[in-house]
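Taking it in order: structure first as structure tokens, then the write-up.
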Amino acid sequence: MIRFFSIACFLGISIFQNTYAQQQFSAGPSWLKQATFYQLYPQSFKDSDGDGVGDLNGIVQKLDYLQNLGITAIWMNPIFESPFFDAGYDVADYYKIAPRYGNESNLRKLIEEAHKRNIKLVLDLVAGHTSDQHPWFKASAQKKKNEFTDRYIWTKSKSILPEKFVAGNFERNGNYLKNFFDCQPALNFGYVNPNPKNKWEQSISSPGAVAMRQELKKIIAYWMDMGVDGFRVDMASSLIKNDADFAATMQLWAEMRNWFQDKYPQGVLIAEWSNPAQSINAGFMIDFMMHFNVPGFPSMFFNKGGVFTRDTCFFSTDANGSADEFIKNYTDQLESTKGKGYVSVATANHDISRLNCGSRNTDEQLKVALAFLLTIKGIPFIYYGDEIGMRYLPDLPGKEGSILTNFGNVNRAGTRTPMQWDASANAGFSTADADKLYLPVDPNETFPNVAAEQSNPSSLFNFTKNLLALRKTTAGLGNEADIEFLNPADKSYPLVYIRSSGTEKYLVVINPSGKQESIVLNNFHSTTFTPLLVDKVVCKKDGNGIKIIADKTTYGIFKLN
Ligand code: NOJ
């Protein structure tokens, strides 16, 4: 059963129709060409002070690990002051680090140590809303007009309560618009064509909306000037309201990109938009194909376990899924963003299931999924722990807004558990008592862990590392090399594609199926297939084409003549 439709509706499914003149952006700084990102959840990565919650100094301790894996950039979820009703996506001060993670001097140290290892550091910018505990919101809720009165979106009277507005015990005679949970009031970036009957709808050039744009720049500049390398922007498409075709929102980000690029030419802006055709044409350098907006990702990965569930998916040994929807939409997105930015398909993130989830739970299956994710076009994003096969932990209690009360009560906590560093107490994540941990560690006695996997040449960790090294040293498998899927419609197993750059050409074969699968490709003229990373996949000449036979749950990467 697909339960993500409501999220899609909430975040706004859209059709790309831009009524503004579109600007031609470049693909961003050159370091992106060879970038591999690692998303880490700061509260769950490494606790250095024994309080049970991960912190910035903990991350510093693990930078060598990330460098050794082949990571070139880190994206951290929000680290700012917050009451943590949505794990930090409810910011109470954009200019202050939450004490549980450390302070500015710890961040400076992290930046310095990361840069020493050629690793960039990207923060999370929650641009569309704050916490209801933010002093701006408190000021905005006052009766007396002040600087923050119009920084949020308020009805003029408590008696009017349209959808998505929240009532409260405020001095001000009004209800506020939320952006996600009730505790996350939407910041006011204005409405397209405000309806004069809806008094809360201010124009995008109203003083409140203009002040918000200025403030965004101020926040970005504050951290960029400290030395970070960019931002992932939360719900980037949500800023301007009533923007059915997102044209005004795209215009806002285009303005932001121009300003950003002038000031920080080496900086990166990553969108959480899940519609690269819009976000990249708006000036973002990277966007994801995830579980909302442009469809495809769930049909590849979501199964019966996990956060959002489905009955069938492509990466299943049952082989009853299809890659068709993904291929169509991913290819379209690549086409409309060519040379302007990167489409990323992440291994997972903090909102959805991990790769190891439900019946997809063996190293064999996970290797096939990683072989796919790390050989397609775009910038790889590895969600912490996916490189060692950490699993989505079902049935955890809710933690800091992990339960999406607004979307069928699904629980994201199972994807946010402590990183498993070794087999010692708390998996080496923290020295705190187990009951003080941010979330419990995997109770399985044989949980995968970094120490064990590093010393095992055939582990998932070493497989991931080898794949990343191959990707880095092989232009034809790199972030920008072309991709062409070869399967006819309705024949998804094994999945076969060509990566190429100049005269270099590679064939990739992906077979998640629990049985042997084969495919014949006519008019395939290569005659030599040099195996680069292959597990029981054979390519034979067959008339004027080839026959590929892939053993159960295997992958193959071949260099073509
Ligand atoms: C998307 C983030 O990824 C998610 O974790 C958060 O709950 C919402 N935006 C609201 O900020």
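Numbering starts fresh at 1 for the residues of each chain in the structure tokens, the chains themselves are lettered A, B, ... in the order given, and ligands are numbered from 1 as they appear.
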- Query: Can I get the residues close to ligand 1 as number ranges by chain, where close means within 7 Å and we count only C-alpha atoms and all ligand atoms?
  - Reply: A: 86, 89-90, 126, 180, 234-235, 350-351
Neighbour list for Leu125 (chain A) as a PDB file with all heavy atoms, in the first residue's frame, cut-off 7 Å, only C-alpha atoms, skip fewer than 3 positions in-chain:
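File written: result.pdb
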ATOM      1  N   PHE A 231      24.542  24.683   1.811  1.00  0.00           N
ATOM      2  CA  PHE A 231      23.320  24.306   2.534  1.00  0.00           C
ATOM      3  C   PHE A 231      22.474  23.324   1.737  1.00  0.00           C
ATOM      4  O   PHE A 231      22.387  23.431   0.508  1.00  0.00           O
ATOM      5  CB  PHE A 231      22.449  25.541   2.798  1.00  0.00           C
ATOM      6  CG  PHE A 231      23.010  26.430   3.859  1.00  0.00           C
ATOM      7  CD1 PHE A 231      23.907  27.424   3.530  1.00  0.00           C
ATOM      8  CD2 PHE A 231      22.666  26.242   5.187  1.00  0.00           C
ATOM      9  CE1 PHE A 231      24.453  28.233   4.512  1.00  0.00           C
ATOM     10  CE2 PHE A 231      23.203  27.042   6.173  1.00  0.00           C
ATOM     11  CZ  PHE A 231      24.097  28.051   5.838  1.00  0.00           C
ATOM     12  N   ARG A 232      21.834  22.444   2.460  1.00  0.00           N
ATOM     13  CA  ARG A 232      20.698  21.689   1.931  1.00  0.00           C
ATOM     14  C   ARG A 232      19.498  22.467   2.438  1.00  0.00           C
ATOM     15  O   ARG A 232      19.409  22.797   3.625  1.00  0.00           O
ATOM     16  CB  ARG A 232      20.727  20.270   2.479  1.00  0.00           C
ATOM     17  CG  ARG A 232      19.486  19.398   2.167  1.00  0.00           C
ATOM     18  CD  ARG A 232      18.477  19.434   3.301  1.00  0.00           C
ATOM     19  NE  ARG A 232      17.431  18.429   3.150  1.00  0.00           N
ATOM     20  CZ  ARG A 232      16.354  18.370   3.903  1.00  0.00           C
ATOM     21  NH1 ARG A 232      16.144  19.252   4.872  1.00  0.00           N
ATOM     22  NH2 ARG A 232      15.458  17.432   3.718  1.00  0.00           N
ATOM     23  N   VAL A 233      18.585  22.817   1.541  1.00  0.00           N
ATOM     24  CA  VAL A 233      17.461  23.663   1.945  1.00  0.00           C
ATOM     25  C   VAL A 233      16.200  22.821   2.123  1.00  0.00           C
ATOM     26  O   VAL A 233      15.689  22.223   1.176  1.00  0.00           O
ATOM     27  CB  VAL A 233      17.223  24.791   0.922  1.00  0.00           C
ATOM     28  CG1 VAL A 233      16.068  25.669   1.390  1.00  0.00           C
ATOM     29  CG2 VAL A 233      18.483  25.634   0.747  1.00  0.00           C
ATOM     30  N   ASP A 234      15.738  22.789   3.365  1.00  0.00           N
ATOM     31  CA  ASP A 234      14.543  22.021   3.724  1.00  0.00           C
ATOM     32  C   ASP A 234      13.301  22.585   3.035  1.00  0.00           C
ATOM     33  O   ASP A 234      13.088  23.803   3.037  1.00  0.00           O
ATOM     34  CB  ASP A 234      14.383  22.134   5.252  1.00  0.00           C
ATOM     35  CG  ASP A 234      13.267  21.268   5.793  1.00  0.00           C
ATOM     36  OD1 ASP A 234      13.377  20.038   5.704  1.00  0.00           O
ATOM     37  OD2 ASP A 234      12.266  21.838   6.290  1.00  0.00           O
TER      38      ASP A 234
END
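With distances restricted to only C-alpha atoms, A:Ile111 is the closest residue to Val60 (chain A) from A:Ile111, A:Ala141, A:Val210, A:Ala92.
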- Message: I need the helix (DSSP H, G or I) residues of region 57-300 of chain A per DSSP on the backbone, written as a PyMOL selection string.
- Response: chain A and resi 57-61+63-69+104-116+135-140+207-226+236-238+247-263+276-279+297-300
- Find the residues around Asp442 (chain A) up to 9 Å (only C-alpha atoms counted), leave out those fewer than 5 positions away in its own chain, and share them as a PyMOL selection string. chain A and resi 390-393+417-418+420+426-427+447
- Task: Please give the complete set of residues from region 438-521 of chain A that DSSP, run on the backbone, assigns to strand (DSSP E), formatted as a PyMOL selection string.
- Result: chain A and resi 482-485+495-501+504-511+517-521
Selection from above, C-alpha atoms, as a PDB file, in the first residue's frame, can you write it?
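Writing done, so here's out.pdb:
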ATOM      1  CA  ASP A 482      25.919   9.837 -19.676  1.00  0.00           C
ATOM      2  CA  ILE A 483      23.526   7.043 -18.862  1.00  0.00           C
ATOM      3  CA  GLU A 484      21.364   5.031 -21.196  1.00  0.00           C
ATOM      4  CA  PHE A 485      18.982   2.352 -19.985  1.00  0.00           C
ATOM      5  CA  LEU A 495      18.352  -3.972 -15.309  1.00  0.00           C
ATOM      6  CA  VAL A 496      21.006  -3.002 -17.861  1.00  0.00           C
ATOM      7  CA  TYR A 497      22.513   0.372 -18.657  1.00  0.00           C
ATOM      8  CA  ILE A 498      25.464   1.963 -20.360  1.00  0.00           C
ATOM      9  CA  ARG A 499      27.542   4.712 -18.796  1.00  0.00           C
ATOM     10  CA  SER A 500      29.805   6.658 -21.080  1.00  0.00           C
ATOM     11  CA  SER A 501      32.095   9.631 -21.300  1.00  0.00           C
ATOM     12  CA  GLU A 504      34.884   5.296 -22.608  1.00  0.00           C
ATOM     13  CA  LYS A 505      31.907   2.973 -22.228  1.00  0.00           C
ATOM     14  CA  TYR A 506      30.725   0.758 -19.402  1.00  0.00           C
ATOM     15  CA  LEU A 507      27.955  -1.774 -19.117  1.00  0.00           C
ATOM     16  CA  VAL A 508      26.195  -2.194 -15.775  1.00  0.00           C
ATOM     17  CA  VAL A 509      23.963  -5.149 -14.976  1.00  0.00           C
ATOM     18  CA  ILE A 510      21.799  -5.140 -11.848  1.00  0.00           C
ATOM     19  CA  ASN A 511      19.831  -8.199 -10.789  1.00  0.00           C
ATOM     20  CA  GLU A 517      17.547 -13.592 -14.999  1.00  0.00           C
ATOM     21  CA  SER A 518      18.655 -13.009 -18.550  1.00  0.00           C
ATOM     22  CA  ILE A 519      18.121 -10.484 -21.286  1.00  0.00           C
ATOM     23  CA  VAL A 520      18.974 -10.358 -24.991  1.00  0.00           C
ATOM     24  CA  LEU A 521      19.978  -7.002 -26.451  1.00  0.00           C
TER      25      LEU A 521
END
Can you build me a table of region 95-136 of chain A residues sitting at most 12 Å from region 214-219 of chain A, with the closest atom pair per residue and its distance in Å to one decimal, using only C-alpha atoms, sorted by chain and residue number, as a tab-separated table?
residue	atom	partner	partner_atom	distance
A:Tyr95	CA	A:Ile219	CA	7.0
A:Lys96	CA	A:Ile219	CA	10.6
A:Leu123	CA	A:Ile219	CA	11.3
A:Asp124	CA	A:Ile219	CA	11.2
A:Leu125	CA	A:Ile219	CA	8.6
A:Val126	CA	A:Leu216	CA	9.7
A:Ala127	CA	A:Leu216	CA	7.1
A:Gly128	CA	A:Leu216	CA	9.8
A:His129	CA	A:Leu216	CA	11.3
A:Trp136	CA	A:Glu215	CA	11.6
Residues as selected, N, CA and C atoms, written as an mmCIF file, in the first residue's frame, can you do that?
data_model
loop_
_atom_site.group_PDB
_atom_site.id
_atom_site.type_symbol
_atom_site.label_atom_id
_atom_site.label_comp_id
_atom_site.auth_asym_id
_atom_site.auth_seq_id
_atom_site.Cartn_x
_atom_site.Cartn_y
_atom_site.Cartn_z
ATOM 1 N N TYR A 95 21.070 31.431 14.510
ATOM 2 C CA TYR A 95 22.453 31.893 14.683
ATOM 3 C C TYR A 95 23.137 31.234 15.880
ATOM 4 N N LYS A 96 22.505 30.193 16.399
ATOM 5 C CA LYS A 96 23.124 29.548 17.570
ATOM 6 C C LYS A 96 23.075 28.028 17.419
ATOM 7 N N LEU A 123 25.490 22.467 5.774
ATOM 8 C CA LEU A 123 24.497 22.528 6.848
ATOM 9 C C LEU A 123 23.090 22.446 6.272
ATOM 10 N N ASP A 124 22.105 22.369 7.155
ATOM 11 C CA ASP A 124 20.709 22.250 6.747
ATOM 12 C C ASP A 124 20.014 23.581 7.065
ATOM 13 N N LEU A 125 19.397 24.148 6.058
ATOM 14 C CA LEU A 125 18.715 25.434 6.242
ATOM 15 C C LEU A 125 17.208 25.214 6.200
ATOM 16 N N VAL A 126 16.568 25.434 7.322
ATOM 17 C CA VAL A 126 15.110 25.273 7.379
ATOM 18 C C VAL A 126 14.527 26.639 7.014
ATOM 19 N N ALA A 127 14.257 26.792 5.720
ATOM 20 C CA ALA A 127 13.959 28.130 5.209
ATOM 21 C C ALA A 127 12.489 28.506 5.336
ATOM 22 N N GLY A 128 11.607 27.537 5.382
ATOM 23 C CA GLY A 128 10.178 27.855 5.259
ATOM 24 C C GLY A 128 9.431 28.063 6.558
ATOM 25 N N HIS A 129 10.032 27.667 7.673
ATOM 26 C CA HIS A 129 9.321 27.794 8.955
ATOM 27 C C HIS A 129 10.310 27.830 10.105
ATOM 28 N N TRP A 136 11.187 35.271 17.159
ATOM 29 C CA TRP A 136 10.467 36.005 16.100
ATOM 30 C C TRP A 136 8.985 35.660 16.156
#
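Restricting the calculation to only C-alpha atoms, the smallest distance between Lys120 (chain A) and any of A:Ala167, A:Val268, A:Ala489, A:Val91 is found for A:Val268.
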- Message: I'd like the neighbourhood of Tyr38 (chain A) as an NGL selection string, where a residue qualifies if any of its atoms comes within 6 Å (using only C-alpha atoms), though same-chain residues fewer than 2 positions away should be ignored.
- Response: :A and (74 or 381-383)
Produce a file of the selected residues containing all heavy atoms, as a JSON list (two decimals), in the first residue's frame.
[["chain", "number", "residue", "atom", "x", "y", "z"],
["A", 74, "ILE", "N", 30.03, 16.30, 3.51],
["A", 74, "ILE", "CA", 29.07, 15.86, 4.53],
["A", 74, "ILE", "C", 27.89, 16.82, 4.51],
["A", 74, "ILE", "O", 28.08, 18.04, 4.44],
["A", 74, "ILE", "CB", 29.72, 15.95, 5.94],
["A", 74, "ILE", "CG1", 30.87, 14.95, 6.07],
["A", 74, "ILE", "CG2", 28.71, 15.72, 7.05],
["A", 74, "ILE", "CD1", 31.71, 15.17, 7.34],
["A", 381, "PHE", "N", 24.65, 10.16, -2.64],
["A", 381, "PHE", "CA", 24.44, 10.53, -1.23],
["A", 381, "PHE", "C", 24.28, 9.24, -0.44],
["A", 381, "PHE", "O", 23.34, 8.49, -0.68],
["A", 381, "PHE", "CB", 23.17, 11.38, -1.05],
["A", 381, "PHE", "CG", 23.37, 12.84, -1.26],
["A", 381, "PHE", "CD1", 23.65, 13.35, -2.52],
["A", 381, "PHE", "CD2", 23.29, 13.73, -0.19],
["A", 381, "PHE", "CE1", 23.85, 14.71, -2.72],
["A", 381, "PHE", "CE2", 23.48, 15.10, -0.37],
["A", 381, "PHE", "CZ", 23.77, 15.60, -1.64],
["A", 382, "ILE", "N", 25.22, 9.02, 0.48],
["A", 382, "ILE", "CA", 25.14, 7.81, 1.31],
["A", 382, "ILE", "C", 24.61, 8.23, 2.67],
["A", 382, "ILE", "O", 25.18, 9.12, 3.32],
["A", 382, "ILE", "CB", 26.52, 7.14, 1.44],
["A", 382, "ILE", "CG1", 26.98, 6.68, 0.05],
["A", 382, "ILE", "CG2", 26.45, 5.95, 2.41],
["A", 382, "ILE", "CD1", 28.37, 6.10, 0.02],
["A", 383, "TYR", "N", 23.51, 7.64, 3.08],
["A", 383, "TYR", "CA", 22.95, 7.94, 4.40],
["A", 383, "TYR", "C", 23.76, 7.14, 5.44],
["A", 383, "TYR", "O", 23.98, 5.94, 5.25],
["A", 383, "TYR", "CB", 21.47, 7.56, 4.42],
["A", 383, "TYR", "CG", 20.78, 7.91, 5.71],
["A", 383, "TYR", "CD1", 20.70, 9.24, 6.14],
["A", 383, "TYR", "CD2", 20.19, 6.93, 6.49],
["A", 383, "TYR", "CE1", 20.07, 9.57, 7.33],
["A", 383, "TYR", "CE2", 19.53, 7.26, 7.67],
["A", 383, "TYR", "CZ", 19.48, 8.58, 8.09],
["A", 383, "TYR", "OH", 18.85, 8.90, 9.27]]
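Computed from the coordinates, the CA of Ala481 (chain A) to CA of Val345 (chain A) distance equals 15.2 Å.
If you look at CA of Ser359 (chain A) and CA of Pro440 (chain A), they are 21.6 Å away from each other.
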